[in-house]
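The file structure.cif contains mmCIF, C-alpha atoms and all ligand atoms:
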data_final
#
loop_
_atom_site.group_PDB
_atom_site.id
_atom_site.type_symbol
_atom_site.label_atom_id
_atom_site.label_comp_id
_atom_site.auth_asym_id
_atom_site.auth_seq_id
_atom_site.Cartn_x
_atom_site.Cartn_y
_atom_site.Cartn_z
ATOM 1 C CA MET A 1 0.000 0.000 0.000
ATOM 2 C CA ALA A 2 1.452 3.282 -1.178
ATOM 3 C CA GLN A 3 2.184 5.739 1.507
ATOM 4 C CA ASP A 4 1.538 9.476 1.029
ATOM 5 C CA ASN A 5 4.602 11.664 1.321
ATOM 6 C CA PRO A 6 4.313 13.230 4.748
ATOM 7 C CA THR A 7 4.184 17.030 4.683
ATOM 8 C CA PRO A 8 7.406 18.397 6.204
ATOM 9 C CA PRO A 9 6.677 19.853 9.573
ATOM 10 C CA THR A 10 6.359 23.600 9.645
ATOM 11 C CA ALA A 11 9.223 25.231 11.458
ATOM 12 C CA GLN A 12 8.157 26.425 14.856
ATOM 13 C CA LEU A 13 9.039 30.088 14.870
ATOM 14 C CA ARG A 14 9.172 31.750 18.190
ATOM 15 C CA VAL A 15 9.323 35.504 18.265
ATOM 16 C CA LEU A 16 11.787 36.649 20.870
ATOM 17 C CA THR A 17 10.902 39.800 22.746
ATOM 18 C CA PRO A 18 13.143 41.677 25.181
ATOM 19 C CA ASP A 19 11.068 40.763 28.211
ATOM 20 C CA GLY A 20 9.968 37.286 27.026
ATOM 21 C CA ARG A 21 6.290 38.222 26.875
ATOM 22 C CA ALA A 22 4.283 37.576 23.696
ATOM 23 C CA PRO A 23 4.326 40.374 21.084
ATOM 24 C CA GLY A 24 0.679 41.154 21.777
ATOM 25 C CA GLU A 25 1.458 41.662 25.454
ATOM 26 C CA GLN A 26 4.238 44.173 24.893
ATOM 27 C CA PRO A 27 3.735 47.648 26.293
ATOM 28 C CA GLN A 28 2.291 50.283 23.962
ATOM 29 C CA TRP A 29 5.571 52.230 23.676
ATOM 30 C CA ARG A 30 7.391 49.143 22.406
ATOM 31 C CA ARG A 31 4.672 48.525 19.816
ATOM 32 C CA ASP A 32 4.933 52.163 18.721
ATOM 33 C CA PHE A 33 8.731 51.932 18.276
ATOM 34 C CA PRO A 34 9.411 48.359 17.277
ATOM 35 C CA ILE A 35 13.199 48.629 16.901
ATOM 36 C CA ASP A 36 14.998 45.556 18.142
ATOM 37 C CA THR A 37 18.410 45.568 19.786
ATOM 38 C CA ALA A 38 20.385 44.890 16.589
ATOM 39 C CA GLN A 39 18.686 47.777 14.757
ATOM 40 C CA ASP A 40 19.175 49.916 17.789
ATOM 41 C CA ASN A 41 22.945 49.301 17.628
ATOM 42 C CA PHE A 42 22.928 50.167 13.931
ATOM 43 C CA VAL A 43 21.084 53.442 14.574
ATOM 44 C CA ALA A 44 23.471 54.262 17.403
ATOM 45 C CA ARG A 45 26.538 53.652 15.177
ATOM 46 C CA ARG A 46 25.087 55.788 12.405
ATOM 47 C CA ASP A 47 24.291 58.600 14.819
ATOM 48 C CA PHE A 48 27.747 58.316 16.347
ATOM 49 C CA THR A 49 29.336 58.602 12.886
ATOM 50 C CA LYS A 50 27.193 61.658 12.115
ATOM 51 C CA PHE A 51 28.175 63.150 15.449
ATOM 52 C CA MET A 52 31.884 62.565 14.791
ATOM 53 C CA VAL A 53 31.641 64.114 11.308
ATOM 54 C CA LEU A 54 29.891 67.166 12.754
ATOM 55 C CA ILE A 55 32.452 67.521 15.531
ATOM 56 C CA SER A 56 35.327 67.213 13.043
ATOM 57 C CA ALA A 57 33.748 69.809 10.738
ATOM 58 C CA SER A 58 33.259 72.188 13.685
ATOM 59 C CA PHE A 59 36.869 71.648 14.719
ATOM 60 C CA VAL A 60 38.144 72.449 11.205
ATOM 61 C CA ALA A 61 35.890 75.557 11.024
ATOM 62 C CA GLY A 62 37.147 76.681 14.448
ATOM 63 C CA GLN A 63 40.777 76.293 13.383
ATOM 64 C CA GLY A 64 40.062 78.309 10.233
ATOM 65 C CA TRP A 65 38.451 81.056 12.267
ATOM 66 C CA ILE A 66 41.441 81.183 14.647
ATOM 67 C CA ALA A 67 43.835 81.350 11.677
ATOM 68 C CA LEU A 68 41.855 84.270 10.205
ATOM 69 C CA LYS A 69 41.800 86.096 13.540
ATOM 70 C CA THR A 70 45.551 85.548 13.925
ATOM 71 C CA LEU A 71 46.233 86.958 10.472
ATOM 72 C CA ARG A 72 44.027 89.958 11.263
ATOM 73 C CA GLY A 73 46.001 90.543 14.449
ATOM 74 C CA ARG A 74 49.428 90.699 12.896
ATOM 75 C CA PRO A 75 50.815 94.216 12.855
ATOM 76 C CA GLY A 76 51.546 95.497 9.412
ATOM 77 C CA GLU A 77 49.144 93.229 7.539
ATOM 78 C CA THR A 78 46.146 95.539 7.658
ATOM 79 C CA GLY A 79 47.761 98.928 7.262
ATOM 80 C CA PRO A 80 49.338 101.320 7.472
ATOM 81 C CA ARG A 81 46.472 103.768 7.359
ATOM 82 C CA ALA A 82 46.697 107.454 8.322
ATOM 83 C CA ILE A 83 44.168 108.121 11.102
ATOM 84 C CA ALA A 84 45.049 111.647 12.321
ATOM 85 C CA ARG A 85 47.527 114.458 12.037
ATOM 86 C CA VAL A 86 49.685 114.926 15.125
ATOM 87 C CA ASP A 87 48.504 118.540 15.578
ATOM 88 C CA GLU A 88 44.828 117.567 15.499
ATOM 89 C CA LEU A 89 44.900 116.374 19.121
ATOM 90 C CA THR A 90 46.233 118.131 22.184
ATOM 91 C CA VAL A 91 47.461 116.192 25.206
ATOM 92 C CA GLY A 92 44.534 114.551 26.947
ATOM 93 C CA GLN A 93 42.282 114.562 23.895
ATOM 94 C CA ALA A 94 40.899 111.465 22.244
ATOM 95 C CA ALA A 95 39.405 110.718 18.845
ATOM 96 C CA LEU A 96 37.314 107.928 17.454
ATOM 97 C CA PHE A 97 38.433 106.134 14.302
ATOM 98 C CA PHE A 98 37.644 102.872 12.533
ATOM 99 C CA PHE A 99 40.279 100.223 11.949
ATOM 100 C CA PRO A 100 40.830 97.752 10.360
ATOM 101 C CA GLY A 101 37.225 97.497 9.155
ATOM 102 C CA GLU A 102 34.687 100.273 8.773
ATOM 103 C CA HIS A 103 32.736 98.897 11.758
ATOM 104 C CA ASP A 104 35.743 98.359 14.069
ATOM 105 C CA SER A 105 35.623 101.449 16.243
ATOM 106 C CA CYS A 106 38.809 102.425 18.070
ATOM 107 C CA LEU A 107 40.037 105.241 20.278
ATOM 108 C CA LEU A 108 43.163 107.278 19.665
ATOM 109 C CA VAL A 109 44.381 109.073 22.793
ATOM 110 C CA ARG A 110 47.166 111.629 23.001
ATOM 111 C CA THR A 111 48.980 111.125 26.275
ATOM 112 C CA GLY A 112 52.050 113.331 25.926
ATOM 113 C CA GLU A 113 54.191 115.723 23.910
ATOM 114 C CA GLY A 114 56.709 114.020 21.671
ATOM 115 C CA GLY A 115 58.382 110.726 22.372
ATOM 116 C CA GLU A 116 57.494 107.295 21.163
ATOM 117 C CA ARG A 117 54.442 106.790 23.363
ATOM 118 C CA GLU A 118 52.696 110.124 22.871
ATOM 119 C CA PHE A 119 49.752 108.353 21.240
ATOM 120 C CA LEU A 120 47.937 105.224 22.303
ATOM 121 C CA ALA A 121 45.071 103.484 20.561
ATOM 122 C CA TYR A 122 42.750 100.677 21.528
ATOM 123 C CA SER A 123 39.663 99.019 20.211
ATOM 124 C CA ASN A 124 36.869 100.711 22.098
ATOM 125 C CA LYS A 125 34.929 97.456 22.483
ATOM 126 C CA CYS A 126 34.975 96.438 26.118
ATOM 127 C CA SER A 127 36.427 92.937 26.469
ATOM 128 C CA HIS A 128 33.539 91.967 28.738
ATOM 129 C CA LEU A 129 30.394 92.380 26.621
ATOM 130 C CA SER A 130 31.574 94.815 23.937
ATOM 131 C CA CYS A 131 30.099 98.074 25.239
ATOM 132 C CA PRO A 132 32.033 101.123 23.989
ATOM 133 C CA VAL A 133 34.649 102.336 26.444
ATOM 134 C CA THR A 134 35.435 106.026 26.954
ATOM 135 C CA PRO A 135 38.784 107.522 27.926
ATOM 136 C CA ASP A 136 39.381 109.290 31.226
ATOM 137 C CA VAL A 137 42.848 110.608 30.510
ATOM 138 C CA LYS A 138 43.185 112.494 33.810
ATOM 139 C CA ALA A 139 42.481 109.293 35.770
ATOM 140 C CA GLY A 140 44.723 107.279 33.422
ATOM 141 C CA CYS A 141 42.047 104.800 32.438
ATOM 142 C CA LEU A 142 39.328 103.875 29.986
ATOM 143 C CA ARG A 143 35.925 103.308 31.506
ATOM 144 C CA CYS A 144 33.090 101.055 30.464
ATOM 145 C CA PRO A 145 29.717 102.401 31.599
ATOM 146 C CA CYS A 146 27.836 99.104 31.224
ATOM 147 C CA HIS A 147 29.132 97.284 34.306
ATOM 148 C CA HIS A 148 31.630 99.800 35.721
ATOM 149 C CA GLY A 149 34.649 98.146 34.142
ATOM 150 C CA SER A 150 37.875 100.073 33.709
ATOM 151 C CA PHE A 151 41.147 99.563 31.873
ATOM 152 C CA ASP A 152 44.617 100.984 32.366
ATOM 153 C CA LEU A 153 45.193 103.685 29.748
ATOM 154 C CA ALA A 154 48.904 102.867 29.409
ATOM 155 C CA THR A 155 48.491 99.121 28.856
ATOM 156 C CA GLY A 156 44.818 98.446 28.134
ATOM 157 C CA ARG A 157 44.760 95.852 30.927
ATOM 158 C CA PRO A 158 41.642 95.530 33.092
ATOM 159 C CA LEU A 159 41.748 97.386 36.390
ATOM 160 C CA ALA A 160 38.268 96.918 37.804
ATOM 161 C CA GLY A 161 34.874 95.406 37.121
ATOM 162 C CA PRO A 162 34.027 92.250 35.227
ATOM 163 C CA PRO A 163 36.477 92.484 32.278
ATOM 164 C CA ARG A 164 39.257 89.871 32.429
ATOM 165 C CA ARG A 165 40.996 90.464 29.093
ATOM 166 C CA PRO A 166 42.861 93.589 27.976
ATOM 167 C CA LEU A 167 41.496 95.780 25.218
ATOM 168 C CA ASP A 168 42.830 95.005 21.750
ATOM 169 C CA ARG A 169 45.672 97.418 21.081
ATOM 170 C CA ILE A 170 46.052 99.238 17.782
ATOM 171 C CA VAL A 171 49.657 99.339 16.666
ATOM 172 C CA LEU A 172 50.612 102.899 15.725
ATOM 173 C CA ASP A 173 53.369 104.513 13.754
ATOM 174 C CA VAL A 174 53.920 108.270 14.204
ATOM 175 C CA ARG A 175 55.877 109.823 11.349
ATOM 176 C CA ASP A 176 55.897 112.853 9.079
ATOM 177 C CA GLY A 177 53.386 114.656 11.294
ATOM 178 C CA SER A 178 50.772 111.929 11.038
ATOM 179 C CA VAL A 179 49.607 108.980 13.099
ATOM 180 C CA TYR A 180 49.192 105.693 11.217
ATOM 181 C CA ALA A 181 47.423 102.548 12.383
ATOM 182 C CA THR A 182 49.402 99.552 11.189
ATOM 183 C CA GLY A 183 47.765 96.558 12.856
ATOM 184 C CA VAL A 184 45.646 95.137 15.631
ATOM 185 C CA GLU A 185 47.246 93.344 18.537
ATOM 186 C CA GLU A 186 44.638 91.025 19.994
ATOM 187 C CA ARG A 187 45.481 90.034 23.543
ATOM 188 C CA THR A 188 44.014 87.368 25.723
ATOM 189 C CA VAL A 189 46.065 88.033 28.874
HETATM 190 S S1 LIG A 201 30.536 95.450 28.961
HETATM 191 FE FE1 LIG A 201 32.121 96.567 29.832
HETATM 192 S S2 LIG A 201 32.110 96.042 31.883
HETATM 193 FE FE2 LIG A 201 30.558 94.820 31.020
#
Before anything else, please render the file you have as structure tokens.
Amino acid sequence: MAQDNPTPPTAQLRVLTPDGRAPGEQPQWRRDFPIDTAQDNFVARRDFTKFMVLISASFVAGQGWIALKTLRGRPGETGPRAIARVDELTVGQAALFFFPGEHDSCLLVRTGEGGEREFLAYSNKCSHLSCPVTPDVKAGCLRCPCHHGSFDLATGRPLAGPPRRPLDRIVLDVRDGSVYATGVEERTV
């Protein structure tokens, strides 16, 4: 008597769930986001790679920005530019000028008669939160009205208030009866 070929048994598939409960008994949040552990690792690796690429790009952009700022700060590379005639200011007077860009406001102060240091110039952006500073030549300082900061007129270093960094110094050259700005010295200490 011929025997029918027996049907091969169907494989018994058992769906594995993280907590061992049947898929229908899983909490709602797991049914809403059905990503298993292996997929989760894949997503995490992809996100990590994206994160690393972004960090690297930010690092490269930051280095470029620092290089640009350094170039801008080198004396001689942005000037020279005549900013005043020597006889335009008497001792104790100050004048506003823009250097190196048309929006970079600076202060030129005459502190003496003759000699190498008769003129000083600084960026007039306070190193705290960029309020404009004003000179007080008699007191030997530059004052920031925003938070009562002050800077030494001779060095640009902070004397009082919240500022911690000196003012950027404008490098000057006094010759042939004129004062020239030749560069910006950016200082962090
Ligand atoms: S902005 Fe100058 S002290 Fe704050």
Could you list, as a ChimeraX atom specification, every residue matched by the PyMOL selection byres (((chain A and resi 163) around 12) and not hetatm) in this structure?
/A:125-131,133,142-144,146-152,156-162,164-167,188-189
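For the set A:Ser105, A:Pro23, A:Phe98, A:Thr134, the residue with the smallest atom-to-atom gap to ligand LIG 201 (chain A) is A:Thr134, counting all atoms listed in the file.
Put simply, the PyMOL selection byres (((chain A and resi 137) around 10) and not hetatm) in this file takes in A:Val91, A:Gly92, A:Gln93, A:Ala94, A:Val109, A:Arg110, A:Thr111, A:Thr134, A:Pro135, A:Asp136, A:Lys138, A:Ala139, A:Gly140, A:Cys141, A:Leu142, A:Asp152, A:Leu153, A:Ala154.
The space between CA of Glu102 (chain A) and CA of Arg85 (chain A) spans 19.4 Å.
For the pair CA of Arg81 (chain A) and CA of Tyr180 (chain A), the interatomic distance is 5.1 Å.
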How would region 132-155 of chain A look with N, CA and C atoms restored, written as a compact mmCIF listing (two decimals), in the coordinates of the input?
# COMPACT_ATOMS: atom_id res chain seq x y z
N PRO A 132 30.94 100.20 24.33
CA PRO A 132 32.03 101.12 23.99
C PRO A 132 32.65 101.75 25.24
N VAL A 133 33.96 101.73 25.30
CA VAL A 133 34.65 102.34 26.44
C VAL A 133 34.95 103.79 26.12
N THR A 134 35.12 104.61 27.16
CA THR A 134 35.44 106.03 26.95
C THR A 134 36.69 106.36 27.76
N PRO A 135 37.54 107.22 27.22
CA PRO A 135 38.78 107.52 27.93
C PRO A 135 38.59 108.52 29.06
N ASP A 136 39.29 108.31 30.14
CA ASP A 136 39.38 109.29 31.23
C ASP A 136 40.88 109.52 31.41
N VAL A 137 41.39 110.44 30.59
CA VAL A 137 42.85 110.61 30.51
C VAL A 137 43.42 111.08 31.84
N LYS A 138 42.69 111.99 32.52
CA LYS A 138 43.18 112.49 33.81
C LYS A 138 43.35 111.36 34.80
N ALA A 139 42.41 110.42 34.82
CA ALA A 139 42.48 109.29 35.77
C ALA A 139 43.37 108.17 35.23
N GLY A 140 43.84 108.30 33.99
CA GLY A 140 44.72 107.28 33.42
C GLY A 140 44.01 105.97 33.12
N CYS A 141 42.75 106.06 32.72
CA CYS A 141 42.05 104.80 32.44
C CYS A 141 41.01 104.98 31.34
N LEU A 142 40.47 103.88 30.90
CA LEU A 142 39.33 103.88 29.99
C LEU A 142 38.20 103.21 30.75
N ARG A 143 37.03 103.83 30.69
CA ARG A 143 35.92 103.31 31.51
C ARG A 143 34.83 102.71 30.62
N CYS A 144 34.24 101.65 31.15
CA CYS A 144 33.09 101.06 30.46
C CYS A 144 31.87 101.32 31.33
N PRO A 145 30.88 102.03 30.79
CA PRO A 145 29.72 102.40 31.60
C PRO A 145 28.76 101.24 31.87
N CYS A 146 28.86 100.16 31.10
CA CYS A 146 27.84 99.10 31.22
C CYS A 146 27.87 98.41 32.58
N HIS A 147 29.05 98.00 33.02
CA HIS A 147 29.13 97.28 34.31
C HIS A 147 30.29 97.84 35.14
N HIS A 148 30.59 99.12 34.93
CA HIS A 148 31.63 99.80 35.72
C HIS A 148 32.99 99.12 35.59
N GLY A 149 33.31 98.69 34.38
CA GLY A 149 34.65 98.15 34.14
C GLY A 149 35.61 99.28 33.85
N SER A 150 36.90 99.07 34.12
CA SER A 150 37.88 100.07 33.71
C SER A 150 39.18 99.39 33.31
N PHE A 151 39.91 100.10 32.45
CA PHE A 151 41.15 99.56 31.87
C PHE A 151 42.25 100.60 32.04
N ASP A 152 43.45 100.10 32.25
CA ASP A 152 44.62 100.98 32.37
C ASP A 152 44.87 101.66 31.01
N LEU A 153 44.99 102.97 31.01
CA LEU A 153 45.19 103.68 29.75
C LEU A 153 46.54 103.33 29.12
N ALA A 154 47.57 103.12 29.95
CA ALA A 154 48.90 102.87 29.41
C ALA A 154 49.04 101.47 28.80
N THR A 155 48.29 100.51 29.32
CA THR A 155 48.49 99.12 28.86
C THR A 155 47.24 98.49 28.26
